[in-house]
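Enquirer: Take a look at the following structure, please.
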Amino acid sequence: MARAAVLHAVGDKELDLRDDVTTVDPGPDQVKVRVKATGVCHSDLSTMSGVLPSVPPAIIGHEGAGVVEEVGEHVTNVRPGDHVVVNWTPDCGVCPECLRGEPYLCMGFIGAAFSEPRFKLGDGTPAFGMAGVGTWAEEVVLPWQGVIKIAEDVPFEYAAMLGCGIPTGVGAAFHTAKVRPGSKVAVVGAGGVGLSVIQGARICGASTILAIDPNEAKHPAAKQFGATHTATLENLEETKGLLTLGQGFDQVFEVVGKSSAITTAWNLTRRGGDVIVVGAGAADDDWKMSAFSLLFEGKNVKSSLYGGCDLKRDIPLFVDLWRAGKLDLDGLISRRIRFEDLNDAVQALTRGDVIRQVVLFD
């Protein structure tokens, strides 16, 4: 039996924190992991509210790290005792997307996430894992492609963030936008992923990084991670004029998940610049732009799913940047909490009081 946070119905404000949940036995191509740390991310809230799809009852959580407990007979990439990061978008390696070098677009395991329950509640009820994962549990069973081995000296709370927040944000700057030295960049939304975008832009050498958030309490953190300037929504045009002589920014990242935020990003982008959509929005939240503007302003709208990352390639890169003191992981963690604190953590994230909270399992 293990502890796990269960969502019984979409829209529930609190999770059922249980200690009677078990995983299915790992199959020949699967791995069982004991979770040591798991992050509390806005995508978890989006799953609880129904913005992102799920099949209740579901174990929430998708950003995690832990130790391999068991491996199936066909598994060769890891063995029991290895430290691993959870990859919530495992890539099959053989589909057209993978063969094009776009593993973050792989759909090979999406169907299983909604058709193969990997947990059982104490009364025998099958339960699914969010995104096929469910890291707000002490144990998870994943396909072997869903774990990336990591060096044992990387603290688990740091390793957990390497599974989602860091690749989504830093990867958006590195891979999707390909920020160049001297670029002028703006980031709409200064939450955990937004701060990771800011770090990525700083590492790439952007000369101007504007962080935009209506909550001014987030502005000092944005500057800590590399923003050169901050602004609220009220003074954007003035700030754009001061920083870009009215031309607009080379790249503007939307890290909120709202169509209104995409419009804000569009309006801040220079002619011929790039709008990078990082936030996970709702299926019914349509974004509109005139066909005339779309063509004649020459701007590019780019989706940045999982930061365009291949975790097999990028996790070692992020670890190297952390070791070199260029990627701040510790500063992203607002609170290290216990499993019993998860419902409080959900409320804190809803209020915008924190950057990243990490659950540490005993």
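In the structure tokens, chains take letters A, B, ... by order of appearance, with residues numbered from 1 within each chain and ligands from 1 in the order shown.
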In range 114-360 of chain A, what's alpha helix (DSSP H) per DSSP? Answer as a CSV table (one decimal) with C-alpha atoms, in the first residue's frame?
Expert:
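See states-v3.csv below for the written result:
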```csv
chain,number,residue,atom,x,y,z
A,114,PHE,CA,-6.8,7.2,-20.8
A,115,SER,CA,-7.4,3.5,-21.3
A,156,PHE,CA,15.5,14.6,-6.0
A,157,GLU,CA,13.7,17.9,-5.6
A,158,TYR,CA,15.9,19.4,-8.4
A,159,ALA,CA,15.5,16.3,-10.5
A,160,ALA,CA,11.7,16.5,-10.3
A,161,MET,CA,11.7,19.9,-11.9
A,165,GLY,CA,9.0,23.0,-15.4
A,166,ILE,CA,12.6,23.4,-16.6
A,167,PRO,CA,12.3,21.7,-20.0
A,168,THR,CA,9.0,23.5,-20.7
A,169,GLY,CA,10.4,26.9,-19.9
A,170,VAL,CA,14.2,26.8,-20.7
A,171,GLY,CA,13.5,24.6,-23.7
A,192,GLY,CA,7.4,28.9,-12.3
A,193,VAL,CA,7.6,28.1,-16.0
A,194,GLY,CA,7.8,31.8,-16.9
A,195,LEU,CA,10.8,32.2,-14.6
A,196,SER,CA,12.3,29.2,-16.4
A,197,VAL,CA,11.8,30.9,-19.7
A,198,ILE,CA,13.5,34.0,-18.3
A,199,GLN,CA,16.5,31.8,-17.2
A,200,GLY,CA,16.6,30.3,-20.7
A,201,ALA,CA,16.6,33.7,-22.4
A,202,ARG,CA,19.3,34.9,-20.0
A,203,ILE,CA,21.5,31.9,-20.7
A,204,CYS,CA,21.1,32.4,-24.5
A,219,HIS,CA,8.5,41.0,-10.1
A,220,PRO,CA,11.5,40.7,-7.7
A,221,ALA,CA,11.8,37.0,-8.4
A,222,ALA,CA,11.7,37.7,-12.1
A,223,LYS,CA,14.7,40.0,-11.7
A,224,GLN,CA,16.4,37.4,-9.6
A,236,LEU,CA,2.9,47.9,-21.3
A,237,GLU,CA,2.7,50.3,-24.2
A,238,GLU,CA,4.9,52.8,-22.4
A,239,THR,CA,7.4,50.1,-21.5
A,240,LYS,CA,7.5,48.8,-25.0
A,241,GLY,CA,8.2,52.3,-26.2
A,242,LEU,CA,11.0,52.8,-23.8
A,243,LEU,CA,12.7,49.4,-24.3
A,244,THR,CA,12.3,48.9,-28.1
A,259,SER,CA,-6.1,33.6,-25.3
A,260,SER,CA,-6.0,37.1,-23.9
A,261,ALA,CA,-2.4,36.6,-22.9
A,262,ILE,CA,-1.6,35.5,-26.5
A,263,THR,CA,-3.1,38.7,-27.7
A,264,THR,CA,-0.9,40.6,-25.2
A,265,ALA,CA,2.1,38.8,-26.6
A,266,TRP,CA,1.2,39.5,-30.2
A,267,ASN,CA,0.8,43.2,-29.5
A,268,LEU,CA,4.3,43.3,-27.9
A,291,ALA,CA,-6.0,37.4,-41.7
A,292,PHE,CA,-4.7,40.8,-42.8
A,293,SER,CA,-2.6,41.2,-39.6
A,294,LEU,CA,-1.4,37.6,-39.7
A,295,LEU,CA,0.1,38.1,-43.1
A,296,PHE,CA,1.2,41.7,-43.3
A,311,LEU,CA,14.7,14.7,-22.4
A,312,LYS,CA,17.3,12.1,-23.2
A,313,ARG,CA,19.4,14.9,-24.8
A,314,ASP,CA,18.4,17.8,-22.6
A,315,ILE,CA,18.4,16.6,-19.0
A,316,PRO,CA,22.2,16.1,-19.1
A,317,LEU,CA,22.5,19.6,-20.6
A,318,PHE,CA,20.3,21.1,-17.8
A,319,VAL,CA,22.4,19.2,-15.2
A,320,ASP,CA,25.6,20.6,-16.7
A,321,LEU,CA,24.1,24.1,-16.6
A,322,TRP,CA,23.1,23.7,-13.0
A,323,ARG,CA,26.6,22.4,-12.1
A,342,LEU,CA,-0.9,18.8,-0.8
A,343,ASN,CA,-4.3,20.3,-0.6
A,344,ASP,CA,-2.8,23.4,1.1
A,345,ALA,CA,-0.3,23.5,-1.7
A,346,VAL,CA,-3.0,23.4,-4.3
A,347,GLN,CA,-4.7,26.4,-2.7
A,348,ALA,CA,-1.4,28.3,-2.4
A,349,LEU,CA,-0.7,27.8,-6.1
A,350,THR,CA,-4.3,28.9,-6.9
A,351,ARG,CA,-3.7,32.1,-5.0
```
Enquirer: List as a ChimeraX atom specification the protein and nucleic acid residues near Phe253 in chain A, meaning an atom at most 9 Å away when only C-alpha atoms are counted, but skip any in the same chain fewer than 5 places from it.
Expert: /A:172-173,177,185-189,194,197,262,265,274-279
Enquirer: Counting only C-alpha atoms, figure out which residue out of A:Ser46, A:Asn235, A:Thr176, A:Ser303 gets nearest to Ala131 in chain A.
Expert: A:Ser46
Enquirer: What does the distance between CA of Val179 in chain A and CA of Cys98 in chain A come to in Å, to one decimal place?
Expert: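 Computing it gives 24.0 Å between the two atoms.
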Enquirer: For Leu332 in chain A, which of A:Pro56, A:Gly93, A:Gly191, A:Gly272 is the closest residue, counting only C-alpha atoms?
Expert: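 Residue with the minimum atom-to-atom distance to Leu332 in chain A: A:Gly191.
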Enquirer: Please provide the set of residues having any atom within 9 Å of Val75 in chain A, restricted to only C-alpha atoms, with same-chain residues fewer than 4 positions apart removed, written as a count of residues only.
Expert: 7
Enquirer: Please, which residues of range 79-268 of chain A, numbered as in this document, come out strand (DSSP E or B) from DSSP, as a count of residues only?
Expert: 38
Enquirer: Calculated over only C-alpha atoms, which of the candidates A:Leu45, A:Ala112, A:Val252, A:Ala227 has the smallest distance to Lys13 in chain A?
Expert: A:Leu45
Enquirer: At a cut-off of 6 Å, using only C-alpha atoms, what residues contact Phe249 in chain A? Leave out same-chain residues fewer than 6 positions from it and give the result as JSON, numbers by chain.
Expert: {"A": [184, 185, 269, 270]}
Enquirer: Could the residues in this selection be written to a file with N, CA, C and O atoms, as a short mmCIF file (atom, residue, chain, number, x, y, z; two decimals), in the first residue's frame?
Expert:
```cif
data_model
loop_
_atom_site.label_atom_id
_atom_site.label_comp_id
_atom_site.auth_asym_id
_atom_site.auth_seq_id
_atom_site.Cartn_x
_atom_site.Cartn_y
_atom_site.Cartn_z
N LYS A 184 15.91 41.02 -27.84
CA LYS A 184 15.01 41.67 -26.90
C LYS A 184 13.79 40.77 -26.74
O LYS A 184 13.09 40.48 -27.71
N VAL A 185 13.57 40.33 -25.50
CA VAL A 185 12.59 39.29 -25.20
C VAL A 185 11.62 39.80 -24.15
O VAL A 185 11.99 40.56 -23.25
N THR A 269 5.03 42.08 -29.84
CA THR A 269 6.02 41.53 -30.76
C THR A 269 6.26 42.47 -31.93
O THR A 269 5.33 43.03 -32.49
N ARG A 270 7.49 42.61 -32.32
CA ARG A 270 7.84 43.46 -33.47
C ARG A 270 7.37 42.81 -34.76
O ARG A 270 7.08 41.60 -34.82
#
```
Enquirer: Could you state the separation of CA of Ser54 in chain A and CA of Ala282 in chain A in Å, given to one decimal place?
Expert: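 Between CA of Ser54 in chain A and CA of Ala282 in chain A the gap works out to 13.3 Å.
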Enquirer: Of the candidates A:Gly298, A:Gly331, A:Gly163, A:Gly129, which shows the shortest atom-to-atom distance to Phe225 in chain A, using only C-alpha atoms?
Expert: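 Nearest candidate to Phe225 in chain A out of A:Gly298, A:Gly331, A:Gly163, A:Gly129: A:Gly331.
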Enquirer: To one decimal place, how far is CA of Ala58 in chain A from CA of Cys106 in chain A in Å?
Expert: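 Going from CA of Ala58 in chain A over to CA of Cys106 in chain A, I get 22.4 Å.
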